[in-house]
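One file, input-v3.cif, is given below (mmCIF, C-alpha atoms and all ligand atoms).
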data_run
loop_
_atom_site.label_atom_id
_atom_site.label_comp_id
_atom_site.auth_asym_id
_atom_site.auth_seq_id
_atom_site.Cartn_x
_atom_site.Cartn_y
_atom_site.Cartn_z
CA MET A 30 0.00 0.00 0.00
CA ALA A 31 1.26 3.49 -0.84
CA ASN A 32 2.04 5.65 2.15
CA GLN A 33 -1.09 7.71 2.79
CA ASN A 34 0.39 10.03 5.37
CA GLY A 35 0.39 13.80 5.10
CA ASN A 36 -2.48 13.63 2.65
CA PRO A 37 -5.71 15.27 3.85
CA GLU A 38 -7.44 14.50 0.57
CA ALA A 39 -6.90 10.76 0.97
CA LEU A 40 -8.32 10.95 4.50
CA CYS A 41 -11.33 12.96 3.28
CA ASP A 42 -11.99 10.35 0.58
CA LEU A 43 -11.75 7.57 3.16
CA LEU A 44 -14.20 9.26 5.55
CA GLY A 45 -16.42 10.73 2.83
CA VAL A 46 -16.11 14.31 4.14
CA ALA A 47 -15.15 17.63 2.57
CA HIS A 48 -12.70 18.73 5.29
CA PRO A 49 -10.25 16.72 7.44
CA VAL A 50 -11.70 17.98 10.75
CA ILE A 51 -13.18 15.45 13.17
CA GLN A 52 -15.34 16.30 16.16
CA ALA A 53 -14.19 13.76 18.73
CA GLY A 54 -16.38 11.14 20.35
CA MET A 55 -16.65 12.08 24.03
CA VAL A 56 -18.48 10.63 27.01
CA TRP A 57 -21.40 12.86 28.11
CA CYS A 58 -20.40 15.55 25.60
CA THR A 59 -21.84 14.55 22.24
CA GLY A 60 -25.26 14.10 20.71
CA ALA A 61 -27.09 14.06 17.40
CA ASP A 62 -27.45 17.88 17.20
CA LEU A 63 -23.68 18.37 17.41
CA VAL A 64 -22.93 15.56 14.96
CA VAL A 65 -25.39 16.95 12.40
CA ALA A 66 -24.03 20.51 12.73
CA VAL A 67 -20.43 19.35 12.19
CA GLY A 68 -21.47 17.15 9.27
CA ARG A 69 -23.34 20.00 7.58
CA ALA A 70 -20.20 22.14 7.93
CA GLY A 71 -18.15 19.53 6.05
CA GLY A 72 -16.42 17.83 9.00
CA LEU A 73 -17.02 14.43 10.61
CA GLY A 74 -19.27 14.45 13.68
CA THR A 75 -18.95 11.59 16.16
CA LEU A 76 -21.33 10.17 18.77
CA GLY A 77 -19.51 9.16 21.96
CA ALA A 78 -21.12 5.81 22.76
CA GLY A 79 -19.08 5.29 25.93
CA SER A 80 -21.69 7.02 28.09
CA MET A 81 -24.80 5.81 26.26
CA TYR A 82 -27.04 2.88 27.11
CA PRO A 83 -27.57 0.64 24.04
CA GLU A 84 -31.08 2.04 23.43
CA GLU A 85 -29.73 5.60 23.68
CA LEU A 86 -27.11 4.96 21.02
CA ASP A 87 -29.80 3.50 18.82
CA ALA A 88 -32.01 6.60 19.31
CA GLU A 89 -29.13 9.05 18.69
CA ILE A 90 -28.15 7.28 15.45
CA GLN A 91 -31.76 7.45 14.28
CA LYS A 92 -31.86 11.17 15.13
CA VAL A 93 -28.67 11.82 13.16
CA ARG A 94 -30.05 9.91 10.18
CA ALA A 95 -33.39 11.78 10.32
CA ASN A 96 -31.57 15.11 9.99
CA TRP A 97 -28.46 14.36 7.96
CA ASP A 98 -27.78 12.00 5.09
CA GLY A 99 -24.00 12.40 5.05
CA PRO A 100 -21.23 10.53 6.89
CA PHE A 101 -20.90 10.45 10.67
CA ALA A 102 -19.05 8.31 13.19
CA VAL A 103 -19.54 6.48 16.47
CA ASN A 104 -16.76 6.20 19.07
CA VAL A 105 -16.72 3.01 21.13
CA PRO A 106 -14.28 2.71 24.06
CA LEU A 107 -13.67 -1.04 24.03
CA LEU A 108 -13.81 -1.22 27.83
CA TYR A 109 -17.54 -0.43 27.63
CA PRO A 110 -19.39 -3.20 29.50
CA ALA A 111 -22.07 -3.80 26.83
CA VAL A 112 -19.66 -3.45 23.90
CA GLU A 113 -21.32 -6.36 22.01
CA GLU A 114 -24.67 -4.56 22.04
CA HIS A 115 -23.12 -1.34 20.72
CA MET A 116 -21.35 -3.24 17.95
CA GLU A 117 -24.61 -4.91 16.95
CA THR A 118 -26.37 -1.50 16.85
CA ILE A 119 -23.56 -0.15 14.68
CA ARG A 120 -23.83 -3.11 12.31
CA ARG A 121 -27.62 -2.87 12.10
CA HIS A 122 -27.54 0.85 11.29
CA LYS A 123 -24.59 0.51 8.89
CA VAL A 124 -22.70 3.31 10.67
CA PRO A 125 -20.16 4.55 8.09
CA VAL A 126 -17.17 5.27 10.39
CA VAL A 127 -16.28 3.77 13.78
CA PHE A 128 -13.58 5.02 16.14
CA THR A 129 -12.46 2.41 18.68
CA SER A 130 -10.36 3.27 21.73
CA ALA A 131 -9.19 1.95 25.10
CA GLY A 132 -8.54 -1.65 24.08
CA SER A 133 -7.05 -3.96 21.49
CA PRO A 134 -7.96 -3.18 17.86
CA ARG A 135 -7.74 -6.92 17.06
CA LYS A 136 -11.04 -7.89 18.61
CA TRP A 137 -13.57 -5.82 16.61
CA THR A 138 -11.86 -4.56 13.44
CA ASP A 139 -12.81 -7.53 11.22
CA PHE A 140 -16.40 -7.46 12.47
CA LEU A 141 -16.74 -3.73 11.81
CA LYS A 142 -15.11 -3.89 8.40
CA SER A 143 -17.33 -6.76 7.33
CA ALA A 144 -20.26 -4.55 8.42
CA GLY A 145 -18.98 -1.98 5.90
CA ALA A 146 -17.52 0.55 8.38
CA VAL A 147 -14.29 2.49 8.04
CA VAL A 148 -12.39 1.69 11.26
CA VAL A 149 -10.13 4.14 13.06
CA HIS A 150 -8.31 3.24 16.30
CA VAL A 151 -7.07 5.74 18.89
CA VAL A 152 -3.46 5.27 20.06
CA SER A 153 -0.98 7.01 22.32
CA SER A 154 2.21 5.35 21.08
CA ALA A 155 3.88 4.40 17.79
CA ALA A 156 4.02 0.74 18.86
CA PHE A 157 0.26 0.65 19.29
CA ALA A 158 -0.24 2.44 15.98
CA LYS A 159 1.74 -0.32 14.26
CA LYS A 160 -0.33 -3.01 16.03
CA SER A 161 -3.49 -1.23 14.87
CA GLU A 162 -2.27 -1.10 11.28
CA ASP A 163 -1.42 -4.82 11.47
CA ALA A 164 -4.93 -5.48 12.82
CA GLY A 165 -6.31 -3.94 9.61
CA VAL A 166 -7.66 -0.58 10.77
CA ASP A 167 -8.02 2.10 8.07
CA ALA A 168 -6.48 5.01 10.01
CA VAL A 169 -5.27 5.87 13.51
CA VAL A 170 -5.77 8.82 15.81
CA ALA A 171 -2.49 9.77 17.52
CA GLU A 172 -3.67 11.35 20.76
CA GLY A 173 -1.10 13.23 22.83
CA PHE A 174 -0.75 13.91 26.54
CA GLU A 175 -2.47 17.32 26.32
CA ALA A 176 -5.79 15.77 25.29
CA GLY A 177 -8.98 15.78 27.33
CA GLY A 178 -10.49 12.52 28.54
CA HIS A 179 -8.71 9.25 29.19
CA ASN A 180 -5.13 9.29 28.15
CA GLY A 181 -2.03 7.14 27.63
CA ARG A 182 0.23 6.37 30.59
CA GLU A 183 3.26 7.13 28.36
CA GLU A 184 2.59 10.88 28.66
CA THR A 185 3.94 11.51 25.14
CA THR A 186 2.99 14.99 23.99
CA THR A 187 1.32 15.56 20.62
CA LEU A 188 4.40 17.29 19.22
CA CYS A 189 6.51 14.15 19.79
CA LEU A 190 3.80 11.55 19.21
CA VAL A 191 2.45 12.60 15.81
CA PRO A 192 5.76 12.37 13.90
CA GLU A 193 6.61 9.10 15.68
CA VAL A 194 3.31 7.59 14.55
CA VAL A 195 3.56 9.09 11.05
CA ASP A 196 6.96 7.42 10.65
CA ALA A 197 5.69 4.08 11.99
CA VAL A 198 2.65 3.45 9.76
CA ARG A 199 1.46 3.88 6.16
CA ILE A 200 -2.23 4.42 6.92
CA PRO A 201 -3.49 7.99 7.50
CA VAL A 202 -2.76 9.55 10.88
CA ILE A 203 -5.23 11.91 12.56
CA ALA A 204 -3.62 14.17 15.16
CA ALA A 205 -5.41 14.81 18.48
CA GLY A 206 -4.58 16.65 21.67
CA GLY A 207 -4.38 20.43 21.77
CA PHE A 208 -5.92 21.30 18.38
CA TYR A 209 -8.53 24.03 18.41
CA ASP A 210 -7.90 26.58 15.63
CA ALA A 211 -6.29 27.16 12.22
CA ARG A 212 -2.73 27.57 13.45
CA THR A 213 -2.76 24.40 15.55
CA MET A 214 -4.32 22.58 12.59
CA LEU A 215 -1.54 23.84 10.32
CA ALA A 216 0.97 22.50 12.86
CA ALA A 217 -0.67 19.06 12.65
CA PHE A 218 -0.19 18.98 8.89
CA ALA A 219 3.40 20.16 9.26
CA LEU A 220 3.99 17.11 11.49
CA GLY A 221 2.71 14.79 8.75
CA ALA A 222 -0.85 14.23 9.94
CA SER A 223 -3.69 13.93 7.42
CA GLY A 224 -6.38 15.36 9.67
CA VAL A 225 -7.18 16.66 13.15
CA GLN A 226 -9.55 15.47 15.84
CA MET A 227 -10.75 18.14 18.25
CA GLY A 228 -12.48 17.26 21.52
CA SER A 229 -12.28 20.10 24.03
CA ARG A 230 -12.99 22.71 21.34
CA PHE A 231 -16.28 20.98 20.49
CA VAL A 232 -17.29 20.66 24.15
CA MET A 233 -17.37 24.44 23.90
CA THR A 234 -20.16 24.72 21.30
CA GLN A 235 -23.85 25.61 21.52
CA GLU A 236 -25.01 22.19 20.37
CA ASN A 237 -22.88 20.32 22.91
CA PRO A 238 -25.10 18.77 25.62
CA ALA A 239 -22.50 19.49 28.35
CA HIS A 240 -23.90 21.56 31.26
CA VAL A 241 -23.51 25.32 30.97
CA ALA A 242 -21.78 25.46 34.39
CA PHE A 243 -19.09 23.13 33.02
CA LYS A 244 -18.72 25.28 29.87
CA GLN A 245 -18.44 28.43 32.00
CA ARG A 246 -15.79 26.77 34.20
CA ILE A 247 -13.79 25.90 31.05
CA ALA A 248 -14.15 29.49 29.80
CA ASP A 249 -12.77 30.73 33.15
CA ALA A 250 -9.91 28.18 33.30
CA GLY A 251 -6.34 29.39 32.95
CA ALA A 252 -3.06 27.65 32.19
CA GLY A 253 -2.07 24.75 34.44
CA GLU A 254 -5.59 24.06 35.70
CA THR A 255 -5.82 20.53 34.29
CA ARG A 256 -3.84 17.53 35.40
CA LEU A 257 -3.55 13.86 34.37
CA MET A 258 -4.94 12.04 37.41
CA LEU A 259 -5.89 8.54 38.57
CA LYS A 260 -3.01 7.04 36.60
CA ASP A 261 -3.16 3.86 38.71
CA ILE A 262 -6.78 3.23 37.69
CA THR A 263 -7.35 4.76 34.23
CA PRO A 264 -5.43 7.99 33.55
CA VAL A 265 -7.77 10.90 32.90
CA ARG A 266 -7.12 14.63 32.46
CA LEU A 267 -9.27 16.58 34.91
CA LEU A 268 -9.99 20.27 35.37
CA ARG A 269 -9.69 21.83 38.83
CA GLY A 270 -13.04 22.54 40.53
CA PRO A 271 -13.82 24.90 43.43
CA GLU A 272 -11.86 24.53 46.67
CA GLY A 273 -12.44 21.13 48.30
CA SER A 274 -13.73 19.64 45.05
CA PHE A 275 -13.28 16.07 43.83
CA TYR A 276 -10.16 17.25 41.96
CA ASP A 277 -8.59 18.51 45.23
CA ARG A 278 -9.48 15.29 47.03
CA VAL A 279 -7.87 13.14 44.31
CA ALA A 280 -4.78 15.38 44.28
CA SER A 281 -4.40 15.03 48.09
CA ALA A 282 -4.98 11.26 48.00
CA GLU A 283 -2.40 10.81 45.24
CA SER A 284 0.22 12.96 46.91
CA ALA A 285 -0.38 11.07 50.18
CA GLY A 286 0.33 7.82 48.24
CA ASP A 287 -3.13 6.28 48.79
CA ASP A 288 -3.46 2.82 47.25
CA VAL A 289 -5.60 1.83 44.27
CA GLN A 290 -8.40 0.51 46.48
CA ALA A 291 -8.67 3.84 48.34
CA LEU A 292 -8.66 5.73 45.02
CA ARG A 293 -11.42 3.49 43.66
CA VAL A 294 -13.55 4.22 46.74
CA LEU A 295 -12.92 7.95 46.32
CA LEU A 296 -13.81 7.78 42.61
CA GLY A 297 -17.06 5.94 43.28
CA ARG A 298 -19.52 5.88 40.39
CA GLY A 299 -21.25 8.38 38.15
CA ARG A 300 -18.94 11.35 38.69
CA ALA A 301 -18.36 12.08 35.00
CA LYS A 302 -22.07 12.53 34.31
CA LEU A 303 -22.44 14.56 37.52
CA GLY A 304 -19.72 16.99 36.53
CA MET A 305 -20.05 17.34 32.79
CA ARG A 306 -23.77 16.81 32.14
CA GLU A 307 -25.29 17.92 35.45
CA GLY A 308 -22.85 20.75 36.20
CA ASP A 309 -21.86 19.72 39.74
CA LEU A 310 -18.39 21.29 39.82
CA LEU A 311 -17.75 20.25 43.42
CA GLU A 312 -18.51 16.52 43.28
CA GLY A 313 -18.24 15.77 39.57
CA GLU A 314 -15.35 14.78 37.29
CA LEU A 315 -14.57 17.56 34.79
CA GLU A 316 -12.77 16.02 31.80
CA ILE A 317 -11.12 18.51 29.46
CA GLY A 318 -7.80 19.07 27.67
CA GLN A 319 -4.96 21.49 28.41
CA VAL A 320 -6.33 23.63 25.59
CA SER A 321 -9.14 24.65 27.97
CA ALA A 322 -6.86 27.55 28.95
CA LEU A 323 -7.40 28.97 25.44
CA LEU A 324 -11.16 28.45 25.11
CA ASN A 325 -13.37 31.35 26.14
CA ASP A 326 -16.61 31.00 24.21
CA TRP A 327 -19.09 28.41 22.97
CA PRO A 328 -20.18 29.32 19.45
CA LYS A 329 -22.44 27.31 17.16
CA ALA A 330 -20.49 24.34 15.79
CA GLY A 331 -21.08 25.38 12.17
CA ASP A 332 -19.79 28.91 12.86
CA LEU A 333 -16.75 27.45 14.60
CA MET A 334 -15.98 25.21 11.61
CA GLY A 335 -16.42 28.21 9.30
CA GLU A 336 -14.04 30.30 11.39
CA ILE A 337 -11.34 27.62 11.60
CA LEU A 338 -11.47 26.87 7.87
CA GLY A 339 -11.68 30.58 6.97
CA ASP A 340 -8.59 31.36 9.07
CA TYR A 341 -6.80 28.39 7.54
CA ARG A 342 -7.51 29.74 4.05
CA ALA A 343 -6.20 33.14 5.12
CA PHE A 344 -3.00 31.43 6.26
CA GLY A 345 -2.98 29.82 2.81
CA THR A 346 -2.48 33.13 1.11
CA ALA A 347 -0.37 34.76 3.82
CA LYS A 348 1.94 32.28 5.51
CA MET A 349 1.63 28.78 4.13
CA ALA A 350 4.09 26.94 1.97
CA PRO A 351 2.36 25.78 -1.25
CA GLY A 352 2.39 22.18 0.03
CA PHE A 353 -0.16 23.09 2.70
CA CYS A 354 -2.77 24.40 0.24
CA TRP A 355 -4.77 21.18 -0.13
CA LYS A 356 -8.07 21.16 -1.98
CA ALA A 357 -9.76 19.70 1.11
CA LEU A 358 -8.94 22.84 3.02
CA MET A 359 -9.45 25.55 0.41
C1 LIG B 1 -15.10 15.32 27.91
C2 LIG B 1 -14.28 14.38 27.10
C3 LIG B 1 -14.67 13.06 26.97
C4 LIG B 1 -13.94 12.17 26.15
N1 LIG B 1 -14.40 10.89 25.99
C5 LIG B 1 -13.77 10.06 25.11
C6 LIG B 1 -14.31 8.78 24.79
O1 LIG B 1 -15.37 8.38 25.27
N2 LIG B 1 -13.63 8.00 23.90
C7 LIG B 1 -12.45 8.42 23.32
O2 LIG B 1 -11.88 7.68 22.52
N3 LIG B 1 -11.92 9.62 23.61
C8 LIG B 1 -12.57 10.46 24.46
N4 LIG B 1 -12.06 11.72 24.69
C9 LIG B 1 -10.87 12.16 23.93
C10 LIG B 1 -11.32 12.81 22.62
O3 LIG B 1 -11.90 11.85 21.78
C11 LIG B 1 -10.17 13.53 21.87
O4 LIG B 1 -9.24 12.60 21.37
C12 LIG B 1 -9.47 14.55 22.73
O5 LIG B 1 -10.42 15.38 23.36
C13 LIG B 1 -8.53 15.39 21.87
O6 LIG B 1 -7.85 16.33 22.63
P1 LIG B 1 -8.38 17.84 22.90
O7 LIG B 1 -9.36 17.70 24.02
O8 LIG B 1 -7.15 18.58 23.28
O9 LIG B 1 -9.01 18.31 21.64
C14 LIG B 1 -12.77 12.62 25.50
C15 LIG B 1 -12.38 13.97 25.65
C16 LIG B 1 -13.12 14.84 26.41
C17 LIG B 1 -12.70 16.28 26.51
#
Represent the structure from my file as structure tokens, please.
Amino acid sequence: MANQNGNPEALCDLLGVAHPVIQAGMVWCTGADLVVAVGRAGGLGTLGAGSMYPEELDAEIQKVRANWDGPFAVNVPLLYPAVEEHMETIRRHKVPVVFTSAGSPRKWTDFLKSAGAVVVHVVSSAAFAKKSEDAGVDAVVAEGFEAGGHNGREETTTLCLVPEVVDAVRIPVIAAGGFYDARTMLAAFALGASGVQMGSRFVMTQENPAHVAFKQRIADAGAGETRLMLKDITPVRLLRGPEGSFYDRVASAESAGDDVQALRVLLGRGRAKLGMREGDLLEGELEIGQVSALLNDWPKAGDLMGEILGDYRAFGTAKMAPGFCWKALM
């Protein structure tokens, strides 16, 4: 196979989209309205199935289809307890693109491909990218340490990870972790990526179902207010809450050297929904990337896409080398 890296047009053809911009699948922070808005703007919208009951995923897919006849994706963290049911829903609805994460790409890739889906696996190391390519996935997301949500223990930053992955595989690489505007997108292409996946930026949109108190907290956040926590359970980047919040309690427990069992008790259940969907900043988990320090507003997703692509085109005439003027971005 010819090397498909550094080629946004090849990625757009694979995904069936006009522009190589992917709205990430995210627990508690996606829904049909967001997916449709991103799709209509020429990007790829993704439903985050990791926080949906099987019947909810089914309903959200139907809602996307009722309002949009273009491509969209579903993200399935492979640790999800009812993963078989989600996969069956995906097969039944002939979902065009599936992002898998948090598990081995070997288990579901053949099933998904025989169901007609394009399969993309999320990785945080070059070794895992190679394993994913060998398992037959069509593309990988290289997600760096800055990213929101669950993250690799390796702590490799996007700037180091993307070129490592680009050099390791021949399938298209989508860069994730810290991308939110035209200049960061340009940087991704300079590193050899074929597209970008943005999570935190799309939490901060009108159509995102995240609670307004969570969005306001992100808008107020400054540099250094997120940290990769709970590394002994599943590493997750969390945003600081008010004094005495869950974030503070985890930070104290970890610096006191509390064991995994004590951390599991502290984590309990349901905190992600509580924080991100219900807006409980004190007791909830607030998952967001380092880029939160740079996000101050929550525009409509279509306007955001228009602004990012418009700025990118302006770079095209002002600052870009000719090699960065791809049709998919002009
Ligand atoms: C609130 C939140 C929830 C997330 N949930 C998931 C998830 O369920 N599955 C997944 O593969 N990645 C998840 N991620 C990671 C995103 O898919 C994406 O790769 C990441 O946000 C990119 O980094 P950025 O936040 O700097 O844009 C989540 C990210 C956020 C912010």
Option closest in space to Val170 in chain A, from A:Val202, A:Leu338, A:Val103, A:Cys58 [counting all atoms listed in the file]: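 With all atoms listed in the file as the atom set, the closest residue is A:Val202.
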Env. residues ligand LIG 1 (chain B) / 8 Å / only C-alpha atoms and all ligand atoms / as an NGL selection string: :A and (52-58 or 77-80 or 104-106 or 128-131 or 151 or 170 or 172-173 or 175-180 or 205-209 or 226-232 or 305 or 315-321)
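If you count all atoms listed in the file and ignore residues fewer than 2 places along the chain from Glu307 in chain A, what sits within 12 Å of it is Trp57, Cys58, Pro238, Ala239, His240, Val241, Ala242, Phe243, Lys244, Gly299, Arg300, Ala301, Lys302, Leu303, Gly304, Met305, Asp309, Leu310, Leu311, Glu312, Gly313, Glu314 and Leu315 of chain A.
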Residue among A:Arg342, A:Arg306, A:Lys260, A:Arg266 lying closest to Asp288 in chain A, counting all atoms listed in the file: A:Lys260
At a cut-off of 9 Å from (-11.8, 22.0, 5.2) in the coordinates of the file, what residues are picked up using all atoms listed in the file, written as a PDB file with C-alpha atoms, in the coordinates of the input?
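Generated file (part-v7.pdb):
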ATOM      1  CA  VAL A  46     -16.110  14.310   4.140  1.00  0.00           C
ATOM      2  CA  ALA A  47     -15.150  17.630   2.570  1.00  0.00           C
ATOM      3  CA  HIS A  48     -12.700  18.730   5.290  1.00  0.00           C
ATOM      4  CA  PRO A  49     -10.250  16.720   7.440  1.00  0.00           C
ATOM      5  CA  VAL A  50     -11.700  17.980  10.750  1.00  0.00           C
ATOM      6  CA  ALA A  70     -20.200  22.140   7.930  1.00  0.00           C
ATOM      7  CA  GLY A  71     -18.150  19.530   6.050  1.00  0.00           C
ATOM      8  CA  GLY A  72     -16.420  17.830   9.000  1.00  0.00           C
ATOM      9  CA  MET A 334     -15.980  25.210  11.610  1.00  0.00           C
ATOM     10  CA  GLY A 335     -16.420  28.210   9.300  1.00  0.00           C
ATOM     11  CA  ILE A 337     -11.340  27.620  11.600  1.00  0.00           C
ATOM     12  CA  LEU A 338     -11.470  26.870   7.870  1.00  0.00           C
ATOM     13  CA  GLY A 339     -11.680  30.580   6.970  1.00  0.00           C
ATOM     14  CA  TYR A 341      -6.800  28.390   7.540  1.00  0.00           C
ATOM     15  CA  ARG A 342      -7.510  29.740   4.050  1.00  0.00           C
ATOM     16  CA  TRP A 355      -4.770  21.180  -0.130  1.00  0.00           C
ATOM     17  CA  LYS A 356      -8.070  21.160  -1.980  1.00  0.00           C
ATOM     18  CA  ALA A 357      -9.760  19.700   1.110  1.00  0.00           C
ATOM     19  CA  LEU A 358      -8.940  22.840   3.020  1.00  0.00           C
ATOM     20  CA  MET A 359      -9.450  25.550   0.410  1.00  0.00           C
TER      21      MET A 359
END
Contacts of Val195 in chain A at 8 Å (only C-alpha atoms; same-chain gap of 5+ positions) as a ChimeraX atom specification: /A:34,201-202,221-222
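Of note, CA of Glu38 in chain A and CA of Phe218 in chain A are spaced 11.9 Å apart.
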Contacts of Met116 in chain A within 12 Å, only C-alpha atoms, excl. fewer than 6 positions in-chain, as number ranges by chain: A: 78-79, 83, 86-87, 103-107, 109-110, 122-124, 127-129, 136-144, 146
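If only C-alpha atoms are the atoms counted, then among A:Glu193, A:Asp163, A:Asp261, A:Glu117 the closest residue to Leu296 in chain A is A:Asp261.
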Among listed residues A:Ala156, A:Ala204, A:Ala197, A:Leu295, nearest Ala219 in chain A (using all atoms listed in the file): A:Ala204
Atom pair CA of Gly99 in chain A / CA of Ser223 in chain A: separation (Å):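 So the two atoms, CA of Gly99 in chain A and CA of Ser223 in chain A, lie 20.5 Å apart.
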Sel. within 7 Å of pt (-5.5, -2.7, 18.6), counting only C-alpha atoms, output as a ChimeraX atom specification: /A:132-135,150,157,160-161,164
Between CA of Ala95 in chain A and CA of Leu73 in chain A, distance in Å (one decimal): 16.6 Å
Could you pull the residues within 9 Å of Leu44 in chain A, counting all atoms listed in the file, minus those fewer than 4 positions along the same chain, as a PDB file with C-alpha atoms, keeping the file's coordinate frame?
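This went into selection.pdb:
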ATOM      1  CA  ALA A  39      -6.900  10.760   0.970  1.00  0.00           C
ATOM      2  CA  LEU A  40      -8.320  10.950   4.500  1.00  0.00           C
ATOM      3  CA  PRO A  49     -10.250  16.720   7.440  1.00  0.00           C
ATOM      4  CA  LEU A  73     -17.020  14.430  10.610  1.00  0.00           C
ATOM      5  CA  PRO A 100     -21.230  10.530   6.890  1.00  0.00           C
ATOM      6  CA  PHE A 101     -20.900  10.450  10.670  1.00  0.00           C
ATOM      7  CA  PRO A 125     -20.160   4.550   8.090  1.00  0.00           C
ATOM      8  CA  VAL A 126     -17.170   5.270  10.390  1.00  0.00           C
ATOM      9  CA  VAL A 147     -14.290   2.490   8.040  1.00  0.00           C
TER      10      VAL A 147
END
Ile200 in chain A environment, 8 Å, all atoms listed in the file, sequence neighbours closer than 5 positions dropped, as a ChimeraX atom specification: /A:32-34,162,167-169
Pick from A:Ala171, A:Ala280, A:Ala252, A:Leu63, whichever lies nearest to Ile203 in chain A using only C-alpha atoms: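 Closest candidate: A:Ala171.
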